[in-house]
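What follows is the content of run_11.pdb (PDB, C-alpha atoms).
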ATOM      1  CA  MET A  22     142.940  72.859  80.181
ATOM      2  CA  GLY A  23     140.375  71.263  77.909
ATOM      3  CA  ARG A  24     141.411  71.095  74.262
ATOM      4  CA  GLY A  25     143.789  74.066  74.295
ATOM      5  CA  LYS A  26     147.566  74.048  73.947
ATOM      6  CA  ASP A  27     149.322  71.506  76.144
ATOM      7  CA  LEU A  28     151.665  73.630  78.253
ATOM      8  CA  LEU A  29     153.955  70.735  79.193
ATOM      9  CA  ILE A  30     155.092  70.139  75.605
ATOM     10  CA  ASP A  31     158.466  71.834  74.922
ATOM     11  CA  ALA A  32     159.004  72.460  78.641
ATOM     12  CA  GLU A  33     162.440  71.827  80.144
ATOM     13  CA  VAL A  34     162.503  69.477  83.116
ATOM     14  CA  VAL A  35     165.200  68.009  85.376
ATOM     15  CA  LEU A  36     164.839  64.240  85.899
ATOM     16  CA  PRO A  37     166.863  61.228  86.986
ATOM     17  CA  HIS A  38     168.109  59.366  83.912
ATOM     18  CA  ASN A  39     169.125  55.692  83.638
ATOM     19  CA  GLY A  40     169.471  55.428  87.419
ATOM     20  CA  GLU A  41     172.398  57.831  87.242
ATOM     21  CA  SER A  42     172.652  61.575  87.618
ATOM     22  CA  ILE A  43     169.849  64.077  87.281
ATOM     23  CA  GLN A  44     169.768  65.639  83.831
ATOM     24  CA  ALA A  45     167.908  68.391  82.037
ATOM     25  CA  ALA A  46     165.550  67.085  79.367
ATOM     26  CA  ARG A  47     162.786  68.374  77.083
ATOM     27  CA  ILE A  48     159.192  67.181  76.922
ATOM     28  CA  VAL A  49     158.644  66.554  73.202
ATOM     29  CA  GLY A  50     155.045  65.310  73.078
ATOM     30  CA  ARG A  51     152.356  62.976  74.319
ATOM     31  CA  SER A  52     153.074  59.256  74.306
ATOM     32  CA  LYS A  53     150.895  57.181  71.976
ATOM     33  CA  ASP A  54     149.533  53.668  72.439
ATOM     34  CA  GLU A  55     149.693  50.905  69.808
ATOM     35  CA  ASN A  56     146.604  52.417  68.112
ATOM     36  CA  GLY A  57     148.124  55.892  67.854
ATOM     37  CA  LYS A  58     145.937  57.389  70.618
ATOM     38  CA  SER A  59     147.402  59.626  73.300
ATOM     39  CA  MET A  60     147.928  57.772  76.561
ATOM     40  CA  GLY A  61     146.102  58.928  79.709
ATOM     41  CA  LYS A  62     143.615  61.680  80.409
ATOM     42  CA  TYR A  63     143.908  65.230  81.693
ATOM     43  CA  HIS A  64     142.482  66.069  85.109
ATOM     44  CA  GLU A  65     142.566  69.419  86.933
ATOM     45  CA  ASP A  66     143.937  67.673  90.017
ATOM     46  CA  ARG A  67     147.527  66.862  89.013
ATOM     47  CA  TYR A  68     147.472  63.724  91.174
ATOM     48  CA  LEU A  69     144.613  62.354  89.056
ATOM     49  CA  ASP A  70     146.139  63.437  85.715
ATOM     50  CA  THR A  71     147.142  60.217  83.923
ATOM     51  CA  ARG A  72     148.655  61.678  80.731
ATOM     52  CA  VAL A  73     151.980  60.168  79.616
ATOM     53  CA  TYR A  74     154.678  62.183  77.824
ATOM     54  CA  ASP A  75     157.782  61.444  75.768
ATOM     55  CA  VAL A  76     160.860  63.119  77.237
ATOM     56  CA  LEU A  77     164.092  63.565  75.238
ATOM     57  CA  PHE A  78     167.418  63.515  77.087
ATOM     58  CA  PRO A  79     170.650  65.129  75.792
ATOM     59  CA  ASP A  80     172.110  61.718  74.879
ATOM     60  CA  GLY A  81     169.225  61.183  72.431
ATOM     61  CA  THR A  82     167.296  58.645  74.497
ATOM     62  CA  MET A  83     163.548  58.993  74.871
ATOM     63  CA  SER A  84     161.678  57.979  78.026
ATOM     64  CA  GLN A  85     158.048  58.111  79.108
ATOM     65  CA  TYR A  86     156.944  59.995  82.221
ATOM     66  CA  THR A  87     153.526  60.753  83.702
ATOM     67  CA  ALA A  88     152.218  64.310  83.875
ATOM     68  CA  ASN A  89     152.133  64.373  87.665
ATOM     69  CA  LEU A  90     155.809  63.376  87.933
ATOM     70  CA  LEU A  91     156.785  65.988  85.329
ATOM     71  CA  ALA A  92     154.802  68.710  87.108
ATOM     72  CA  GLU A  93     156.713  67.972  90.312
ATOM     73  CA  ASN A  94     160.055  68.396  88.490
ATOM     74  CA  ILE A  95     159.492  71.502  86.361
TER
END

How would this structure read if it were set down as structure tokens?
Amino acid sequence: MGRGKDLLIDAEVVLPHNGESIQAARIVGRSKDENGKSMGKYHEDRYLDTRVYDVLFPDGTMSQYTANLLAENI
């Protein structure tokens, strides 16, 4: 993937939300740490990919999920 477009951003994903039902949500971007840097690092092996993403649910709540969990649910 390198420095190209991040294909997970804007993807639709189905995830459990608030311990309740499974809901469709949209990946809106990479999560940032307190210094404004993107959290985690890309790796070709999805099990070693540590990137963290912000996911927006229909009720307006935002949650953070790791790339490997998102890849399993797309």

Around all the atoms of stretch 63-68 of chain A listed in the file, with 5 Å of room on each side, what axis-aligned box do you get, giving centre and edge lengths in Å to one decimal, as JSON?
{"center_x": 145.0, "center_y": 66.6, "center_z": 86.4, "size_x": 15.0, "size_y": 15.7, "size_z": 19.5}

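Candidate residues A:Asn94, A:Thr82, A:Asn39, A:Thr87 were compared for distance to A:Ser52, and the nearest is A:Thr87, using only C-alpha atoms.
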
**Message:** Since I can't run it myself right now, could you work out what the PyMOL selection byres ((chain A and resi 41-49) around 9) selects here and report it as a list in words?
**Reply:**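 Checked against the file, the PyMOL selection byres ((chain A and resi 41-49) around 9) matches Leu29, Ile30, Asp31, Ala32, Glu33, Val34, Val35, Leu36, Pro37, His38, Asn39, Gly40, Gly50, Arg51, Tyr74, Asp75, Val76, Leu77, Phe78, Pro79 and Leu91 of chain A.
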
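Running the PyMOL selection byres ((chain A and resi 60) around 10) on this file leaves Arg51, Ser52, Lys53, Asp54, Glu55, Gly57, Lys58, Ser59, Gly61, Lys62, Tyr63, Thr71, Arg72, Val73, Tyr74 and Thr87 of chain A selected.
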
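Computed from the coordinates, the atom CA of A:Ser84 to atom CA of A:His64 distance equals 22.0 Å.
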
**Item:** Contacts of A:Asn89 at 7 Å (only C-alpha atoms; same-chain gap of 4+ positions) as a PyMOL selection string
**Value:** chain A and resi 67-68+70+93
